[in-house]
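*Asks:* Below you'll find the structure I mean.
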Amino acid sequence: MSTDRKATGERTPTDGATDARTRGERTPSERAPGGRAREGRAEGGPAHAPLTRVPLGRSTAWTTRLAFGAAGIGNLYSTVTDEDADRTLSTAWERGIRSFDTAPHYGLGLSERRLGAFLRDRPRDTYTVSTKVGRLLVPDPGATGDDLAHGFAVPAAYRRVWDFGADGIRRGLEESLERLGLDRVDIVYLHDPDDHADQALREAYPALERLRAEGVVRAIGVGMNQTAIPTRFVTETDIDVVLLAGRYTLLDRSGLAELLPAARRRGVSVVAGGVFNSGLLADPRPGATYDYAAAPPRTLARALGLREICARHGVPLRAAAARFPLGHPAVAGVLLGLRSAAEAEDAADMLALEIPEALWAELRREHDTPGANP
């Protein structure tokens, strides 16, 4: 399953970092006085100060701890009006989010166009934008109907064509810049090269490396919902960041086996997406989805157990799920897909919520097996 169905990486610490931190517990140095997490509203400052910026790898690019995933405003699964998309982006901006992720795939360019329109009049050095390459949008004048077969409620006016060749990478980025209406993006990811890994490593990566050397982009990486190919990129190339979807969550910690340790060793940042595993960790109930299919009974039972533990500490499960990846030293930020102003408000609230250390301790005791799923 590829990241195209989603609404939908910190500087390396010293080698003496505790195991507790790598399993999701925030260390004392990462907490403000009184045990509050540092993310969220700035004490004594504006009501909604911009969130903390975290560098991505060795690059000059950065992400805010909470980043905006823009698939939803590309009409993922259902229609979002232009007005609602703008309201969602405005709310996210007001709550301090300054990093935004999009892709040509999201609504056949609609996400990029809406995001670009929102950002166009804002000071360019106050935000970062990431987009993706690997799919070209080719006009399809004879097409009828919608694009819901690919997950988006938009007219099927274009065909997606996979292209991880060097020319395709440059063309894809140029077309994204045109849709965004921006002169540059900060981060470019190779998008879902699951079936094109060798070409992506042989042709697409060198093209991105040249774009970075030319100063066209500030950081390069790969975005996927598996760990094997991103681990190859981390160990075999000089990428800056991995966008990892659904593989480092409260229910799936497979990223711990190889990818996250390799990223930490190599100084590569990870941005964690898919932290709710497509819905189950946001609202565990019969019929909820886990990785875009109905959650199996055993997985649902595990999620309900996690919710019970969180409830004993007065914390919503979705808050713990969103914050969990930030406990790993390789993870720079969490990317949440947002499609409404209410979701943007809730996401910022969950990031700012005080989470007691006792909750992380209980989650580890009851559900954690190092390097594997809990």
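Labels for the structure tokens follow display order: chains A, B, ..., residues from 1 in each chain, ligands from 1.
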Just want the 8 Å neighbourhood of A:Asp101, counted on only C-alpha atoms, with same-chain residues fewer than 3 positions away dropped. Output as a list of chain:residue names.

*Replies:*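 Counting only the stated atoms, we get A:Ala67, A:Phe68, A:Gly69, A:Ala70, A:Val129, A:Ser130, A:Thr131.
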
*Asks:* Between atom CA of A:Gly337 and atom CA of A:Thr299, measure the distance and give it in Å to one decimal.

*Replies:* 22.2 Å
